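Only one structure is covered here, and it is reproduced in the block below.
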Amino acid sequence: MPLAAVMLLPLVWMLVTSIETRSESQHFPPTLVPSGIHWENYPNALNAAPFGRFFANSLVVTLASVAGNLVFCSLAGYAFARLRFFGRDVIFIVLLATLMVPFQVTMIPTFLIVQHLGLVNTLGALIAPNLVTPFGIFLLRQFFRTLPVELEEAARIDGCSRLGVLFRVVLPLSMPALATLGIITFLWTWNDFLWPLISISSTDQSTVQLGLSFFQGAHQTRWTLLMAANVVALAPMLLVFVVAQRWFVQSLASTGVKG
Amino acid sequence: MAEVEFRGVTKRFSGETTAVDALDLEVADGELMVLVGPSGCGKSTALRMVAGLEQPTEGSILIGGRDVAGLSPGARDVAMVFQSYALYPHMTVRKNLAFPLRRRRMEKPEIEQRVAAVAEMLELDELLHRKPAQLSGGQRQRVAMGRALIREPLAFLLDEPLSNLDAKLRSELRAELKRLHARLEITMIYVTHDQVEAMTLGDRIAVMNRGRLLQVGTPEEVYGRPCNVFVARFVGSPAMNLLPGTAVGQDAAVTIGIRPELLRPAAELADGLGLNVVAEVVEPLGSDVFVHGRTDAGDEVVARLPGKARVAPGERVALAVPAADVHRFDADSGDLIE
């Protein structure tokens with residue numbers, strides 16, 4: 001319980017600040033019980049910048065990244081898990097090694113590639129580099145390897161091609177792993193700030209996280225509006241987690257398969 | 001239905017281990033052939049090569065007279081039952097049964113009809129809406145059989161299909177399988193390490209060891225005339241007694257093989273070959289008495305005597321066997337001496 005309280009405190013503070021007056025928000029020590037509920041912070045925040053557009057952009061980028069990861073990481077993960085080809089293990093180790101390279105090292109080269117593709121300052125710049133991730137390939141490969149190989153052999157004898165085996169047998173049995181990858185990709189992409197900051201310069205291509213920075217000026221920060229917008233930006237993630245947590249928890253709790 | 005033929009099939013894994021060594025074997029149309037041998041003898045690998053799950057390193061496999069080299073497992077028109085059953089856990093029994101038909105783009109009404117027919121034959125009607133996790137071992141086994149039968153394949157491959165069941169269920173399903181085979185006259189290749197299963201099920205059995213095929217024949221032939229010491233010891237329970245000896249009139253060392261049930265008290269068999277044994281353990285089973293003992297030379301001998309025989313541990317028993325029932329094997333190579 002004390003731990004939960006510590007974890008919840010920043011969230012509570014965010015919620016409280018989002019309904020306070022501006023002077024209350026700047027008071028020290030912080031006011032944890034506001035004098036009244038100032039709902040107007042929410043419309044004020046959302047009207048201060050084109051947040052509808054930001055949300056739409058974030059949603060497009062996030063959903064495209066989630067879909068791309070689920071499809072491409074499944075294909076690559078299955079190849080690494082089950083197909084025999086020359087240099088498979090070496091390639092896989094190199095792929096794993098890239099997990100150790102921090103984003104700060106690769107962001108400039110990534111930017112140059114995106115620039116060559118002519119995608120700078122478009123949503124494509126946010127989607128393309130995130131369509132497939134080494135982490136996703138690794139996660140799914142590990143999960144696929146826990147599935148009994150006889151199931152796949154049975155499916156092949158029953159007339160499935162390799163892709164048929166993947167889509168009709170392996171993926172339906174991998175829902176926990178796919179849900180995990182989906183949620184993690186959703187959170188990463190939705191919360192990403194640094195890469196959009198580098199690759200996007202115009203307002204109409206901005207994401208929610210870039211939009212939030214509008215409230216933080218060089219000289220002052222409008223905490224009440226920032227927190228109100230933050231609460232709204234948090235909502236999709238909460239929703240995704242509530243919907244998908246059944247599979248998510250299941251996949252973290254069990255590594256094997258039943259049946 | 002079709003015959004299956006192995007022609008000089010060799011399978012080597014990673015260049016070194018030879019799992020199957022120059023296998024020549026013909027399985028006739030409608031025959032139930034059992035591949036039997038200890039674990040690691042190559043029997044499962046041979047089966048998997050028929051299914052297309054492994055590719056032979058050398059030689060060819062013919063199904064219905066057609067060389068299946070390079071054909072994908074799905075294109076070979078064979079069905080397989082796995083030891084673990086390999087039922088699709090996310091599908092109901094009905095969908096499991098229909099799966100191979102749907103992959104072959106069969107019309108819906110025909111699928112319905114075949115599912116109903118197979119479900120009736122295997123008494124799965126009540127279980128069609130269940131998922132594999134909600135079935136008992138025996139029920140899962142029957143669904144796996146059904147999924148293989150429903151396609152009416154050219155050949156039916158079974159890889160230790162009964163070994164995950166308890167003894168009672170195993171013998172029930174063994175009988176059911178035999179009835180099914182008699183009724184449908186399907187070509188079956190059945191892999192097992194259990195020689196009792198092999199003897200009771202097979203039209204013919206093929207005994208393998210270390211990748212090599214040692215002997216093929218009807219259960220009676222293999223039991224009555226094992227081609228070498230390995231087959232003699234592997235087939236039959238309790239195993240054949242093998243004793244060192246010398247061939248009469250020659251100086252060559254031989255191994256003498258005597259089936260435990262052919263040993264009789266010497267008093268009953270005047271002109272037989274005599275064997276004096278000191279009984280160590282006596283197991284009365286009602287119908288028979290198993291006597292475990294040692295000869296004067298210290299070799300272990302098991303005799304299966306009639307239930308009325310009275311033998312006490314420590315007692316010296318004079319046994320005999322008709323000379324015609326004694327097998328002689330070369331002491332070095334282990335091969336049968338004609």
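The chains in the structure tokens are called A, B, ... from first to last as shown; in each chain the residues are counted from 1, and the ligands are counted from 1 in the order shown.
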**Item:** Residues of chain A within 10 Å of chain B, only C-alpha atoms counted, as a PyMOL selection string
**Value:** chain A and resi 148-161+164+168-170+172-173+257-259
Got time to write the residues from that selection, C-alpha atoms, as a compact mmCIF listing (two decimals), in the first residue's frame?
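The result, written out as result_9.txt:
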# COMPACT_ATOMS: atom_id res chain seq x y z
CA PRO A 148 5.06 -27.34 -29.68
CA VAL A 149 6.59 -27.97 -33.08
CA GLU A 150 4.22 -30.92 -33.69
CA LEU A 151 1.35 -28.45 -34.07
CA GLU A 152 3.12 -26.83 -36.97
CA GLU A 153 4.07 -30.17 -38.48
CA ALA A 154 0.47 -31.34 -38.21
CA ALA A 155 -0.69 -28.18 -39.96
CA ARG A 156 1.80 -28.69 -42.76
CA ILE A 157 0.65 -32.27 -43.28
CA ASP A 158 -2.93 -30.98 -43.19
CA GLY A 159 -2.08 -28.82 -46.20
CA CYS A 160 -0.86 -25.46 -44.88
CA SER A 161 2.00 -23.57 -46.47
CA GLY A 164 -0.53 -20.68 -43.61
CA ARG A 168 -3.70 -20.17 -38.91
CA VAL A 169 -1.89 -21.92 -36.08
CA VAL A 170 1.07 -19.98 -34.68
CA PRO A 172 -3.78 -17.55 -32.97
CA LEU A 173 -1.83 -19.32 -30.24
CA VAL A 257 1.44 -22.89 -23.50
CA LYS A 258 -1.56 -24.78 -22.26
CA GLY A 259 -3.38 -27.57 -24.02
Contact residues around Phe13 (chain B) with only C-alpha atoms at 12 Å, ignoring same-chain residues under 3 positions, as a compact mmCIF listing (two decimals) with C-alpha atoms, in the first residue's frame:
# COMPACT_ATOMS: atom_id res chain seq x y z
CA THR B 10 19.53 -42.89 -45.79
CA GLU B 16 27.62 -37.22 -38.94
CA THR B 17 24.90 -39.11 -37.12
CA THR B 18 23.20 -41.62 -39.39
CA ALA B 19 19.61 -41.90 -38.25
CA VAL B 20 18.45 -44.21 -41.02
CA ASP B 21 20.90 -46.35 -42.97
CA GLY B 42 15.54 -44.35 -36.68
CA THR B 45 12.84 -40.48 -38.71
CA GLU B 54 12.47 -34.64 -43.09
CA GLN B 55 14.24 -35.03 -46.42
CA PRO B 56 16.25 -38.21 -47.12
CA THR B 57 19.98 -37.65 -47.60
CA GLU B 58 20.03 -40.49 -50.13
CA GLY B 211 19.25 -46.93 -38.21
**Prompt:** Residues at most 12 Å from Gln139 (chain B), counting only C-alpha atoms, excluding those fewer than 2 positions away in the same chain, as a ChimeraX atom specification?
**Reply:** /B:85,87,93,119,122-128,130-137,141-146,162,165,169,173
**Near-Leu263 (chain B) list (10 Å; only C-alpha atoms; drop same-chain fewer than 3 positions) as a ChimeraX atom specification** = /B:258-260,266,269,272-275,302-305,318-322,325
Write a file of the just-selected residues containing C-alpha atoms, as an mmCIF file, in the first residue's frame.
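See part09.cif below for the written result:
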data_model
loop_
_atom_site.group_PDB
_atom_site.id
_atom_site.type_symbol
_atom_site.label_atom_id
_atom_site.label_comp_id
_atom_site.auth_asym_id
_atom_site.auth_seq_id
_atom_site.Cartn_x
_atom_site.Cartn_y
_atom_site.Cartn_z
ATOM 1 C CA ILE B 258 15.620 -70.602 -26.069
ATOM 2 C CA ARG B 259 12.172 -69.060 -25.629
ATOM 3 C CA PRO B 260 11.170 -69.136 -21.946
ATOM 4 C CA ALA B 266 12.916 -82.582 -18.050
ATOM 5 C CA LEU B 269 10.506 -84.307 -22.291
ATOM 6 C CA GLY B 272 15.018 -82.803 -25.334
ATOM 7 C CA LEU B 273 18.106 -80.710 -24.659
ATOM 8 C CA GLY B 274 18.659 -80.620 -20.912
ATOM 9 C CA LEU B 275 19.356 -77.543 -18.817
ATOM 10 C CA VAL B 302 13.926 -67.468 -17.369
ATOM 11 C CA ALA B 303 11.456 -70.291 -17.781
ATOM 12 C CA ARG B 304 7.710 -69.904 -18.212
ATOM 13 C CA LEU B 305 6.237 -73.098 -16.787
ATOM 14 C CA ALA B 318 15.996 -79.969 -14.457
ATOM 15 C CA LEU B 319 14.539 -78.351 -17.571
ATOM 16 C CA ALA B 320 14.553 -79.416 -21.192
ATOM 17 C CA VAL B 321 13.626 -78.012 -24.602
ATOM 18 C CA PRO B 322 12.885 -79.822 -27.892
ATOM 19 C CA ASP B 325 13.102 -75.175 -30.876
#
**Request:** Could you check which of B:Ala28, B:Met188, B:Val50, B:Val311 is closest to Val68 (chain B), using only C-alpha atoms?
**Result:**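 Of B:Ala28, B:Met188, B:Val50, B:Val311, the one nearest Val68 (chain B) is B:Val50, counting only C-alpha atoms.
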**Non-local contacts of region 103-110 of chain A (8 Å; only C-alpha atoms; under 3 positions in same chain excluded) as number ranges by chain** = A: 113-114, 129, 195
**Request:** Compile the contact shell of Glu24 (chain A) as a PyMOL selection string: residues with an atom at most 12 Å away, counting only C-alpha atoms, same-chain residues fewer than 3 positions apart removed.
**Result:** chain A and resi 16-21+27-38+222-224
Export of prior selection with N, CA and C atoms as a PDB file, in the first residue's frame:
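Result went into selection33.pdb, see below:
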ATOM      1  N   VAL A  16      -4.951  16.907  -9.780  1.00  0.00           N
ATOM      2  CA  VAL A  16      -5.303  18.058  -8.949  1.00  0.00           C
ATOM      3  C   VAL A  16      -4.897  19.358  -9.630  1.00  0.00           C
ATOM      4  N   THR A  17      -3.662  19.387 -10.136  1.00  0.00           N
ATOM      5  CA  THR A  17      -3.175  20.610 -10.795  1.00  0.00           C
ATOM      6  C   THR A  17      -4.060  20.973 -11.992  1.00  0.00           C
ATOM      7  N   SER A  18      -4.580  19.929 -12.667  1.00  0.00           N
ATOM      8  CA  SER A  18      -5.349  20.197 -13.879  1.00  0.00           C
ATOM      9  C   SER A  18      -6.676  20.893 -13.585  1.00  0.00           C
ATOM     10  N   ILE A  19      -7.099  20.886 -12.307  1.00  0.00           N
ATOM     11  CA  ILE A  19      -8.371  21.568 -11.989  1.00  0.00           C
ATOM     12  C   ILE A  19      -8.166  22.728 -11.023  1.00  0.00           C
ATOM     13  N   GLU A  20      -6.921  23.135 -10.844  1.00  0.00           N
ATOM     14  CA  GLU A  20      -6.640  24.252  -9.950  1.00  0.00           C
ATOM     15  C   GLU A  20      -6.617  25.572 -10.715  1.00  0.00           C
ATOM     16  N   THR A  21      -6.614  26.649  -9.941  1.00  0.00           N
ATOM     17  CA  THR A  21      -6.359  27.936 -10.578  1.00  0.00           C
ATOM     18  C   THR A  21      -4.865  28.076 -10.785  1.00  0.00           C
ATOM     19  N   HIS A  27       1.714  27.810  -6.058  1.00  0.00           N
ATOM     20  CA  HIS A  27       1.915  27.981  -4.621  1.00  0.00           C
ATOM     21  C   HIS A  27       2.913  26.968  -4.101  1.00  0.00           C
ATOM     22  N   PHE A  28       3.703  27.375  -3.087  1.00  0.00           N
ATOM     23  CA  PHE A  28       4.579  26.420  -2.418  1.00  0.00           C
ATOM     24  C   PHE A  28       4.344  26.502  -0.929  1.00  0.00           C
ATOM     25  N   PRO A  29       4.191  25.424  -0.207  1.00  0.00           N
ATOM     26  CA  PRO A  29       4.112  24.045  -0.696  1.00  0.00           C
ATOM     27  C   PRO A  29       2.892  23.821  -1.587  1.00  0.00           C
ATOM     28  N   PRO A  30       2.925  22.793  -2.410  1.00  0.00           N
ATOM     29  CA  PRO A  30       1.855  22.575  -3.394  1.00  0.00           C
ATOM     30  C   PRO A  30       0.490  22.418  -2.727  1.00  0.00           C
ATOM     31  N   THR A  31      -0.533  22.957  -3.371  1.00  0.00           N
ATOM     32  CA  THR A  31      -1.894  22.821  -2.865  1.00  0.00           C
ATOM     33  C   THR A  31      -2.435  21.480  -3.345  1.00  0.00           C
ATOM     34  N   LEU A  32      -2.706  20.585  -2.397  1.00  0.00           N
ATOM     35  CA  LEU A  32      -3.229  19.298  -2.826  1.00  0.00           C
ATOM     36  C   LEU A  32      -4.752  19.249  -2.776  1.00  0.00           C
ATOM     37  N   VAL A  33      -5.350  20.213  -2.044  1.00  0.00           N
ATOM     38  CA  VAL A  33      -6.816  20.290  -2.051  1.00  0.00           C
ATOM     39  C   VAL A  33      -7.198  21.657  -2.617  1.00  0.00           C
ATOM     40  N   PRO A  34      -7.629  21.690  -3.879  1.00  0.00           N
ATOM     41  CA  PRO A  34      -7.919  22.988  -4.507  1.00  0.00           C
ATOM     42  C   PRO A  34      -9.184  23.627  -3.923  1.00  0.00           C
ATOM     43  N   SER A  35      -9.279  24.943  -4.093  1.00  0.00           N
ATOM     44  CA  SER A  35     -10.417  25.690  -3.546  1.00  0.00           C
ATOM     45  C   SER A  35     -11.697  25.351  -4.306  1.00  0.00           C
ATOM     46  N   GLY A  36     -11.594  25.069  -5.550  1.00  0.00           N
ATOM     47  CA  GLY A  36     -12.776  24.705  -6.329  1.00  0.00           C
ATOM     48  C   GLY A  36     -12.342  23.909  -7.538  1.00  0.00           C
ATOM     49  N   ILE A  37     -13.305  23.349  -8.279  1.00  0.00           N
ATOM     50  CA  ILE A  37     -12.954  22.565  -9.463  1.00  0.00           C
ATOM     51  C   ILE A  37     -13.060  23.445 -10.696  1.00  0.00           C
ATOM     52  N   HIS A  38     -11.940  23.687 -11.332  1.00  0.00           N
ATOM     53  CA  HIS A  38     -11.908  24.576 -12.488  1.00  0.00           C
ATOM     54  C   HIS A  38     -11.814  23.761 -13.768  1.00  0.00           C
ATOM     55  N   ARG A 222       2.713  26.987 -18.222  1.00  0.00           N
ATOM     56  CA  ARG A 222       1.322  27.083 -17.753  1.00  0.00           C
ATOM     57  C   ARG A 222       0.895  25.711 -17.237  1.00  0.00           C
ATOM     58  N   TRP A 223       1.241  25.482 -15.964  1.00  0.00           N
ATOM     59  CA  TRP A 223       1.092  24.145 -15.382  1.00  0.00           C
ATOM     60  C   TRP A 223      -0.326  23.614 -15.436  1.00  0.00           C
ATOM     61  N   THR A 224      -1.316  24.462 -15.156  1.00  0.00           N
ATOM     62  CA  THR A 224      -2.694  23.966 -15.108  1.00  0.00           C
ATOM     63  C   THR A 224      -3.116  23.441 -16.478  1.00  0.00           C
TER      64      THR A 224
END
